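Participant: The following block contains the structure, expressed as structure tokens.
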Amino acid sequence: MVLLRFGLSTLLLVVGITCSSPRQAAAQTPVSIELVLAVDTSLSVNDIEFRLQMKGIAAALRSPDVINLIASYDGVAITLIQWAGWTNKENWLPWRRLKSRQSIEALARDIENIKRDRVGNLTGIGTAIEAGLYALANNQFIGRQMKIDISGDGISNIGIEPSEARLHAVAAGVTINGLAILLNDSGLDAYYAEHVITGPGAFVIKANDHGDFARAMRFKLLRELAPAVSRYEPQNRPKYSSCSHCETAAR
């Protein structure tokens with residue numbers, strides 16, 4: 001992530017925040033993977049469904065095969081952001097370095113108990129992508145791979161188009177994968193495949209409804225964390241120098 005951070009100087013998100021100065025690489029902790037879990041909390045997701053998503057992520061993290069896979073790396077850094085028409089940086093889950101069963105359990109417990117963030121009614125997938133890039137560019141880790149996981153139950157209807165936002169991810173060497181919840185749109189997985197995901201080995205996992213989220217998330221994590229999937233080498237990453245459309249989405 002060195003090139004991503006060094007090239008990011010003026011990123012503004014729809015939350016109305018300014019990007020702080022990039023951290024120095026010397027202060028960053030090396031990890032194998034940095035992963036942003038970007039979760040849809042728009043109007044189409046009621047409180048019960050939101051809680052099912054959080055419990056589903058926690059259950060997936062507690063899966064023995066996911067724990068063993070994470071433990072096989074030199075650390076996996078994860079954060080969780082909630083998004084809708086916009087997103088609130090102040091309420092993103094702080095980055096965690098996962099290696100031991102204890103660190104994974106602590107994250108799972110925090111996620112299943114996390115408070116829902118009311119960040120609008122509409123669905124801004126492009127906003128979620130740009131928020132994920134901001135999160136990757138401004139943390140205490142330096143990973144050999146950078147990934148954003150977008151999960152949601154509808155197409156984008158506000159802000160920068162996801163197909164445009166993902167170009168910034170391409171330029172930064174970031175892989176975007178998707179988890180499409182098909183409750184409201186049986187063709188959502190195809191939409192994600194065409195407009196959202198990017199990067200070598202990028203993929204979309206389908207969940208039939210919010211109750212199926214835990215199964216889909218476990219399968220996604222196993223595939224996403226597999227060593228051969230969506231791998232970039234740091235020296236090949238171009239700079240992510242600006243974000244020209246980050247102010248186009250309204251709350």
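Following the order of the structure tokens, first chain is A, next is B, and so on, with residues numbered from 1 inside each chain and ligands from 1 in the order they appear.
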Write down as a PyMOL selection string the residues of range 65-110 of chain A whose backbone DSSP state falls under strand (DSSP E).

Facilitator: chain A and resi 76-83+96-98

Participant: Any idea what's packed within 8 Å of Ala169 in chain A, counting only C-alpha atoms, ignoring anything in its chain fewer than 6 positions away? Could you give it as an MDAnalysis selection string?

Facilitator: chainID A and resid 129 133 175:176 198 240

Participant: May I have the residues within 7 Å of Leu43 in chain A as a list in words, using only C-alpha atoms and disregarding those fewer than 3 positions away in the same chain?

Facilitator: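 My list of contacting residues is Asn46, Asn121 and Leu122 of chain A.
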
Participant: Give me the residues within 9 Å of Gln82 in chain A as number ranges by chain, counting only C-alpha atoms and dropping any in the same chain fewer than 6 places off.

Facilitator: A: 37-41, 88, 91-93, 116-119, 128

Participant: With range 52-60 of chain A as the partner and 12 Å as the cut-off, tabulate the residues of range 123-224 of chain A that qualify, each row holding the nearest pair of atoms and their distance in Å to one decimal, using only C-alpha atoms, sorted by chain and rising number, as a Markdown table.

Facilitator:
```
| residue | atom | partner | partner_atom | distance |
| --- | --- | --- | --- | --- |
| A:Asp149 | CA | A:Ile57 | CA | 11.9 |
| A:Ser151 | CA | A:Gln53 | CA | 9.4 |
| A:Gly152 | CA | A:Gln53 | CA | 9.9 |
| A:Asp153 | CA | A:Gln53 | CA | 11.3 |
| A:Leu179 | CA | A:Gln53 | CA | 11.3 |
| A:Ile181 | CA | A:Gln53 | CA | 10.3 |
| A:Ala207 | CA | A:Gln53 | CA | 10.8 |
| A:Asp209 | CA | A:Leu52 | CA | 10.0 |
| A:His210 | CA | A:Leu52 | CA | 6.3 |
| A:Gly211 | CA | A:Leu52 | CA | 6.5 |
| A:Asp212 | CA | A:Gly56 | CA | 8.3 |
| A:Phe213 | CA | A:Gly56 | CA | 5.7 |
| A:Ala214 | CA | A:Gly56 | CA | 3.7 |
| A:Arg215 | CA | A:Ala60 | CA | 7.3 |
| A:Ala216 | CA | A:Gly56 | CA | 8.6 |
| A:Met217 | CA | A:Ala60 | CA | 6.0 |
| A:Arg218 | CA | A:Ala60 | CA | 4.4 |
| A:Phe219 | CA | A:Ala60 | CA | 8.2 |
| A:Lys220 | CA | A:Ala60 | CA | 9.1 |
| A:Leu221 | CA | A:Ala60 | CA | 7.6 |
| A:Leu222 | CA | A:Ala60 | CA | 9.2 |
```

Participant: With C-alpha atoms retained, write the just-selected residues as a PDB file, in the first residue's frame.

Facilitator:
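New file out-v9.pdb:
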```pdb
ATOM      1  CA  ASP A 149     -15.606  -6.269  -0.114  1.00  0.00           C
ATOM      2  CA  SER A 151     -22.023  -6.259   0.244  1.00  0.00           C
ATOM      3  CA  GLY A 152     -25.522  -4.988  -0.488  1.00  0.00           C
ATOM      4  CA  ASP A 153     -29.043  -5.752  -1.701  1.00  0.00           C
ATOM      5  CA  LEU A 179     -21.504 -10.119  -1.990  1.00  0.00           C
ATOM      6  CA  ILE A 181     -27.999 -10.196  -1.466  1.00  0.00           C
ATOM      7  CA  ALA A 207     -26.747 -14.687  -0.795  1.00  0.00           C
ATOM      8  CA  ASP A 209     -31.528 -13.363   1.459  1.00  0.00           C
ATOM      9  CA  HIS A 210     -30.175 -11.828   4.650  1.00  0.00           C
ATOM     10  CA  GLY A 211     -30.644 -15.142   6.446  1.00  0.00           C
ATOM     11  CA  ASP A 212     -28.231 -16.690   3.955  1.00  0.00           C
ATOM     12  CA  PHE A 213     -25.629 -14.000   4.611  1.00  0.00           C
ATOM     13  CA  ALA A 214     -23.506 -15.991   7.086  1.00  0.00           C
ATOM     14  CA  ARG A 215     -23.026 -18.877   4.656  1.00  0.00           C
ATOM     15  CA  ALA A 216     -22.191 -16.530   1.795  1.00  0.00           C
ATOM     16  CA  MET A 217     -19.786 -14.478   3.923  1.00  0.00           C
ATOM     17  CA  ARG A 218     -17.926 -17.566   5.109  1.00  0.00           C
ATOM     18  CA  PHE A 219     -17.545 -18.789   1.534  1.00  0.00           C
ATOM     19  CA  LYS A 220     -16.452 -15.317   0.437  1.00  0.00           C
ATOM     20  CA  LEU A 221     -13.813 -14.991   3.147  1.00  0.00           C
ATOM     21  CA  LEU A 222     -12.381 -18.417   2.349  1.00  0.00           C
TER      22      LEU A 222
END
```

Participant: So how far away is CA of Thr87 in chain A from CA of Gly124 in chain A, in Å?

Facilitator: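 Straight-line distance from CA of Gly124 in chain A to CA of Thr87 in chain A works out to 9.2 Å.
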
Participant: If you run DSSP on this backbone, which residues of range 26-104 of chain A come out as helix (DSSP H, G or I), and could you give them as a PyMOL selection string?

Facilitator: chain A and resi 26-27+47-62+64-71+89-91+101-104

Participant: Generate a file of the selected residues that holds C-alpha atoms, formatted as a short mmCIF file (atom, residue, chain, number, x, y, z; two decimals), in the first residue's frame.

Facilitator:
```cif
data_model
loop_
_atom_site.label_atom_id
_atom_site.label_comp_id
_atom_site.auth_asym_id
_atom_site.auth_seq_id
_atom_site.Cartn_x
_atom_site.Cartn_y
_atom_site.Cartn_z
CA ALA A 26 8.16 3.45 8.80
CA ALA A 27 5.27 3.75 11.26
CA ASP A 47 -32.85 -3.43 11.59
CA ILE A 48 -33.40 -7.19 11.76
CA GLU A 49 -31.64 -7.67 8.43
CA PHE A 50 -28.77 -5.42 9.53
CA ARG A 51 -28.31 -7.51 12.66
CA LEU A 52 -28.36 -10.69 10.57
CA GLN A 53 -25.54 -9.24 8.48
CA MET A 54 -23.44 -8.41 11.53
CA LYS A 55 -24.04 -11.80 13.11
CA GLY A 56 -23.29 -13.41 9.77
CA ILE A 57 -19.91 -11.70 9.51
CA ALA A 58 -19.12 -12.67 13.11
CA ALA A 59 -20.10 -16.29 12.48
CA ALA A 60 -17.97 -16.41 9.33
CA LEU A 61 -14.94 -15.08 11.20
CA ARG A 62 -15.43 -17.71 13.92
CA PRO A 64 -12.54 -22.85 12.10
CA ASP A 65 -11.42 -22.91 8.47
CA VAL A 66 -11.46 -19.10 8.30
CA ILE A 67 -9.52 -18.90 11.58
CA ASN A 68 -6.92 -21.36 10.28
CA LEU A 69 -6.58 -19.46 7.01
CA ILE A 70 -6.06 -16.13 8.77
CA ALA A 71 -3.54 -17.73 11.14
CA LYS A 89 -15.78 8.01 8.94
CA GLU A 90 -16.10 8.60 12.67
CA ASN A 91 -18.20 5.44 13.04
CA ARG A 101 -7.88 -16.96 17.59
CA GLN A 102 -8.23 -14.41 20.38
CA SER A 103 -7.84 -11.42 18.05
CA ILE A 104 -10.38 -12.90 15.62
#
```

Participant: State, in Å with one decimal place, the distance from CA of Lys147 in chain A to CA of Trp86 in chain A.

Facilitator: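 Taking CA of Lys147 in chain A as the start and CA of Trp86 in chain A as the end point, the length is 20.1 Å.
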
Participant: Find, counting only C-alpha atoms, the residue in A:Gly120, A:Gly178, A:Gly187, A:Gly132 that gets nearest to Ile78 in chain A.

Facilitator: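 Distance minimum relative to Ile78 in chain A lands on A:Gly132.
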
Participant: Just checking: using only C-alpha atoms, which residue out of A:Lys115, A:Arg223, A:Lys99, A:Arg166 ends up closest to His195 in chain A?

Facilitator: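 For His195 in chain A, the nearest of the given residues is A:Arg166.
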
Participant: Using only C-alpha atoms, find the one residue out of A:Ser186, A:Thr29, A:Ser42, A:Thr79 that sits nearest to Ile142 in chain A.

Facilitator: A:Thr29
